[in-house]
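**Q** Before I ask anything, here is the structure I am working with.
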Amino acid sequence: MIIRRADCENDISAAAEIYAEIHTEEEAGRAVTGWSRAIYPRERDARLSFEKGELFVMETEEGIVASARINREQVDVYARARWSVDAPDGEVMVLHTLTVSPRCSGRGYASEFVKFYEDYAMENGCRYLRIDTNERNLKARRLYKRLGYTEADIVPCEFNGISGVNLVCLEKTL
């Protein structure tokens, strides 16, 4: 298993396929992310992340099984959150849209990706980590808590074009 920066068109398609798998699980009532197939995330989101050099993928013998966007971009809603640390913008790394294919659930891939994110942040001089998730996504909230992240705030907002979101803002200092 390796985690790497996406480097080809196939990586974009693979990330988009994982989004579609997750949407299907949500629509069938087997997952709760708060995402919407028609709104977010979609292939265009993976493409935009790729074009900015911010799309990362996890590859195993089965192919691409997970993806995420990693950058220093704190989304607008973060300005309304009550963070415990007033971290300098240049020292904050953000993990966005972490996805693992539902067919690979339970294998620890999300935890591995978060570890990669933390190492990447340190390598890039960022001690302050931020992540967000929908309040309804209890699975992600439990994962992040187990990995040492603290829920700093829950901010009602429209997020990524989806209205009525209570955005859980999580943080960790390395």
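By order of appearance in the structure tokens: chains A, B, ..., then residues from 1 within every chain, and ligands from 1 in the order shown.
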When DSSP is applied to the backbone of this structure, which of region 82-144 of chain A are assigned strand (DSSP E)? Write them out as a VMD selection string.

**A** chain A and resid 92 to 100 128 to 134

**Q** Report as CSV: every residue of region 76-100 of chain A with an atom at most 12 Å from region 5-28 of chain A, its closest pair of atoms, and their distance in Å to one decimal, counting only C-alpha atoms, with rows sorted by chain and ascending residue number.

**A**
residue,atom,partner,partner_atom,distance
A:Thr97,CA,A:Tyr19,CA,9.4
A:Leu98,CA,A:Tyr19,CA,9.9
A:Thr99,CA,A:Ile18,CA,7.0
A:Val100,CA,A:Ile18,CA,6.9

**Q** Do a neighbour search on region 123-126 of chain A at 7 Å with only C-alpha atoms, toss out local chain neighbours closer than 5 positions, and write the hits as a PyMOL selection string.

**A** chain A and resi 91-93

**Q** For Tyr120 (chain A), please output as a PyMOL selection string all residues within 12 Å (counting only C-alpha atoms; exclusion window: fewer than 6 positions along the same chain).

**A** chain A and resi 3-5+54+56+70-72+92-95+113-114+126-129+174

**Q** Tell me, as a PyMOL selection string, which residues lie within 9 Å of Trp83 (chain A), counting only C-alpha atoms; anything in the same chain fewer than 4 positions away does not count.

**A** chain A and resi 78+87+151-153+169-171

**Q** Take the residues from that selection and write them out as a PDB file, in the first residue's frame, keeping C-alpha atoms.

**A**
ATOM      1  CA  TYR A  78     -13.488  27.921   9.597  1.00  0.00           C
ATOM      2  CA  ALA A  87      -2.755  29.064  14.698  1.00  0.00           C
ATOM      3  CA  GLU A 151     -14.031  18.802  18.132  1.00  0.00           C
ATOM      4  CA  ALA A 152     -13.426  22.534  18.413  1.00  0.00           C
ATOM      5  CA  ASP A 153     -16.870  23.679  17.273  1.00  0.00           C
ATOM      6  CA  CYS A 169     -14.527  21.479  12.964  1.00  0.00           C
ATOM      7  CA  LEU A 170     -11.771  19.294  14.389  1.00  0.00           C
ATOM      8  CA  GLU A 171      -8.208  20.142  15.334  1.00  0.00           C
TER       9      GLU A 171
END

**Q** Using only C-alpha atoms, pick whichever of A:Ile64, A:Met1, A:Val77, A:Ile131 has the shortest atom-to-atom distance to Tyr144 (chain A).

**A**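 When distances to Tyr144 (chain A) are compared using only C-alpha atoms, the smallest one comes from A:Ile131.
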
**Q** Could you write out, as a CSV table (one decimal) with N, CA and C atoms, in the first residue's frame, all the residues of region 12-170 of chain A that DSSP marks as helix (DSSP H, G or I)?

**A**
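Final output, out09.csv:
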chain,number,residue,atom,x,y,z
A,12,ILE,N,-7.9,10.6,-11.1
A,12,ILE,CA,-9.1,11.4,-10.9
A,12,ILE,C,-10.3,10.5,-11.1
A,13,SER,N,-10.4,9.7,-12.1
A,13,SER,CA,-11.5,8.8,-12.3
A,13,SER,C,-11.7,7.9,-11.1
A,14,ALA,N,-10.6,7.4,-10.5
A,14,ALA,CA,-10.7,6.4,-9.4
A,14,ALA,C,-11.3,7.2,-8.2
A,15,ALA,N,-10.8,8.4,-7.9
A,15,ALA,CA,-11.4,9.2,-6.8
A,15,ALA,C,-12.9,9.4,-7.0
A,16,ALA,N,-13.2,9.8,-8.2
A,16,ALA,CA,-14.7,10.0,-8.6
A,16,ALA,C,-15.5,8.7,-8.4
A,17,GLU,N,-14.9,7.6,-8.7
A,17,GLU,CA,-15.6,6.3,-8.6
A,17,GLU,C,-15.9,6.1,-7.1
A,18,ILE,N,-14.9,6.4,-6.2
A,18,ILE,CA,-15.1,6.2,-4.8
A,18,ILE,C,-16.2,7.1,-4.3
A,19,TYR,N,-16.2,8.4,-4.8
A,19,TYR,CA,-17.3,9.3,-4.4
A,19,TYR,C,-18.7,8.6,-4.8
A,20,ALA,N,-18.8,8.1,-6.0
A,20,ALA,CA,-20.0,7.5,-6.4
A,20,ALA,C,-20.4,6.3,-5.6
A,21,GLU,N,-19.4,5.5,-5.2
A,21,GLU,CA,-19.7,4.3,-4.3
A,21,GLU,C,-20.3,4.8,-3.0
A,22,ILE,N,-19.7,5.8,-2.4
A,22,ILE,CA,-20.1,6.4,-1.1
A,22,ILE,C,-21.5,7.0,-1.3
A,23,HIS,N,-21.8,7.7,-2.4
A,23,HIS,CA,-23.2,8.2,-2.6
A,23,HIS,C,-24.2,7.1,-2.7
A,24,THR,N,-23.8,6.0,-3.3
A,24,THR,CA,-24.7,4.8,-3.5
A,24,THR,C,-25.0,4.2,-2.1
A,25,GLU,N,-24.0,4.1,-1.2
A,25,GLU,CA,-24.1,3.6,0.1
A,25,GLU,C,-25.1,4.5,0.9
A,26,GLU,N,-24.9,5.8,0.8
A,26,GLU,CA,-25.7,6.8,1.5
A,26,GLU,C,-27.2,6.7,1.0
A,27,GLU,N,-27.4,6.6,-0.3
A,27,GLU,CA,-28.7,6.5,-0.8
A,27,GLU,C,-29.4,5.3,-0.4
A,43,GLU,N,-16.8,14.3,-9.7
A,43,GLU,CA,-15.6,14.2,-10.4
A,43,GLU,C,-14.9,15.6,-10.6
A,44,ARG,N,-15.7,16.6,-10.8
A,44,ARG,CA,-15.1,18.0,-10.9
A,44,ARG,C,-14.3,18.4,-9.7
A,45,ASP,N,-14.7,17.9,-8.5
A,45,ASP,CA,-14.0,18.2,-7.3
A,45,ASP,C,-12.6,17.5,-7.3
A,46,ALA,N,-12.6,16.2,-7.7
A,46,ALA,CA,-11.4,15.5,-7.8
A,46,ALA,C,-10.5,16.2,-8.8
A,47,ARG,N,-11.0,16.6,-10.0
A,47,ARG,CA,-10.2,17.2,-11.0
A,47,ARG,C,-9.6,18.5,-10.5
A,48,LEU,N,-10.4,19.3,-9.9
A,48,LEU,CA,-9.9,20.6,-9.3
A,48,LEU,C,-8.8,20.4,-8.3
A,49,SER,N,-8.9,19.4,-7.5
A,49,SER,CA,-7.9,19.1,-6.5
A,49,SER,C,-6.6,18.6,-7.2
A,50,PHE,N,-6.8,17.8,-8.3
A,50,PHE,CA,-5.7,17.3,-9.1
A,50,PHE,C,-5.0,18.4,-9.7
A,51,GLU,N,-5.7,19.3,-10.3
A,51,GLU,CA,-5.1,20.4,-11.1
A,51,GLU,C,-4.3,21.3,-10.1
A,76,ASP,N,-14.0,29.0,4.2
A,76,ASP,CA,-14.5,30.2,4.8
A,76,ASP,C,-15.2,29.9,6.2
A,77,VAL,N,-15.9,28.8,6.3
A,77,VAL,CA,-16.6,28.5,7.5
A,77,VAL,C,-15.7,28.4,8.7
A,78,TYR,N,-14.4,28.0,8.5
A,78,TYR,CA,-13.5,27.9,9.6
A,78,TYR,C,-13.3,29.2,10.4
A,79,ALA,N,-13.5,30.4,9.7
A,79,ALA,CA,-13.3,31.7,10.3
A,79,ALA,C,-14.4,31.9,11.4
A,80,ARG,N,-15.5,31.1,11.4
A,80,ARG,CA,-16.6,31.3,12.4
A,80,ARG,C,-16.4,30.3,13.5
A,89,ASP,N,-1.9,31.1,9.9
A,89,ASP,CA,-2.4,30.4,8.6
A,89,ASP,C,-1.3,29.6,8.0
A,90,GLY,N,-0.1,30.1,7.9
A,90,GLY,CA,1.0,29.3,7.2
A,90,GLY,C,1.4,28.1,7.9
A,91,GLU,N,0.9,27.8,9.1
A,91,GLU,CA,1.3,26.6,9.9
A,91,GLU,C,0.1,25.6,10.0
A,102,PRO,N,-16.1,1.9,0.0
A,102,PRO,CA,-16.9,1.1,0.9
A,102,PRO,C,-16.5,-0.4,0.8
A,103,ARG,N,-16.0,-0.8,-0.3
A,103,ARG,CA,-15.6,-2.3,-0.5
A,103,ARG,C,-14.4,-2.6,0.4
A,104,CYS,N,-13.7,-1.5,0.8
A,104,CYS,CA,-12.5,-1.7,1.6
A,104,CYS,C,-12.7,-1.3,3.1
A,109,TYR,N,-7.7,1.8,6.4
A,109,TYR,CA,-7.2,2.7,5.4
A,109,TYR,C,-7.4,4.2,5.8
A,110,ALA,N,-8.5,4.5,6.4
A,110,ALA,CA,-8.7,5.9,6.8
A,110,ALA,C,-7.7,6.3,7.8
A,111,SER,N,-7.4,5.5,8.8
A,111,SER,CA,-6.4,5.8,9.8
A,111,SER,C,-5.0,5.9,9.1
A,112,GLU,N,-4.7,5.1,8.2
A,112,GLU,CA,-3.4,5.2,7.5
A,112,GLU,C,-3.3,6.5,6.7
A,113,PHE,N,-4.4,6.9,6.1
A,113,PHE,CA,-4.4,8.2,5.4
A,113,PHE,C,-4.2,9.3,6.3
A,114,VAL,N,-4.9,9.3,7.4
A,114,VAL,CA,-4.7,10.4,8.4
A,114,VAL,C,-3.3,10.5,8.9
A,115,LYS,N,-2.7,9.3,9.1
A,115,LYS,CA,-1.2,9.3,9.5
A,115,LYS,C,-0.4,9.9,8.4
A,116,PHE,N,-0.7,9.6,7.2
A,116,PHE,CA,0.1,10.2,6.1
A,116,PHE,C,-0.1,11.7,6.1
A,117,TYR,N,-1.3,12.2,6.3
A,117,TYR,CA,-1.6,13.6,6.3
A,117,TYR,C,-0.8,14.3,7.4
A,118,GLU,N,-0.7,13.6,8.6
A,118,GLU,CA,0.0,14.2,9.7
A,118,GLU,C,1.5,14.3,9.4
A,119,ASP,N,2.0,13.3,8.8
A,119,ASP,CA,3.4,13.3,8.4
A,119,ASP,C,3.7,14.3,7.4
A,120,TYR,N,2.8,14.4,6.4
A,120,TYR,CA,2.9,15.4,5.3
A,120,TYR,C,2.9,16.8,5.9
A,121,ALA,N,2.0,17.0,6.9
A,121,ALA,CA,1.9,18.4,7.5
A,121,ALA,C,3.2,18.7,8.2
A,122,MET,N,3.8,17.8,8.9
A,122,MET,CA,5.1,18.1,9.6
A,122,MET,C,6.2,18.3,8.6
A,123,GLU,N,6.2,17.5,7.6
A,123,GLU,CA,7.3,17.7,6.6
A,123,GLU,C,7.2,19.1,5.9
A,138,LEU,N,-21.2,10.2,12.0
A,138,LEU,CA,-20.7,9.7,13.3
A,138,LEU,C,-19.5,8.8,13.1
A,139,LYS,N,-19.4,8.1,12.1
A,139,LYS,CA,-18.3,7.2,11.8
A,139,LYS,C,-17.0,8.0,11.7
A,140,ALA,N,-17.0,9.1,11.0
A,140,ALA,CA,-15.8,9.9,10.8
A,140,ALA,C,-15.5,10.6,12.2
A,141,ARG,N,-16.5,11.0,12.9
A,141,ARG,CA,-16.3,11.7,14.1
A,141,ARG,C,-15.6,10.8,15.1
A,142,ARG,N,-16.0,9.5,15.2
A,142,ARG,CA,-15.4,8.5,16.1
A,142,ARG,C,-14.0,8.3,15.7
A,143,LEU,N,-13.7,8.1,14.4
A,143,LEU,CA,-12.4,7.9,13.9
A,143,LEU,C,-11.5,9.0,14.3
A,144,TYR,N,-11.9,10.3,14.0
A,144,TYR,CA,-11.0,11.4,14.3
A,144,TYR,C,-10.7,11.5,15.8
A,145,LYS,N,-11.7,11.3,16.6
A,145,LYS,CA,-11.5,11.3,18.1
A,145,LYS,C,-10.5,10.2,18.5
A,146,ARG,N,-10.7,9.0,17.9
A,146,ARG,CA,-9.7,8.0,18.3
A,146,ARG,C,-8.3,8.3,17.9

**Q** What gap, in Å, lies between CA of Ser84 (chain A) and CA of Trp35 (chain A)?

**A**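 Computing it gives 27.2 Å between the two atoms.
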
**Q** So that I can see what lies close to Asn134 (chain A), please list as a list of chain:residue names the residues with an atom at most 7 Å from it, counting only C-alpha atoms and leaving out residues fewer than 2 positions away in the same chain.

**A**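 Near Asn134 (chain A), the qualifying residues are A:Thr33, A:Gly34, A:Arg136, A:Asn137, A:Val165, A:Asn166, A:Leu167, A:Val168.
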
**Q** Have a look at A:Ala66, A:Val57, A:Cys157, A:Ala31 and name the one nearest to Ser101 (chain A); count only C-alpha atoms.

**A** A:Ala66
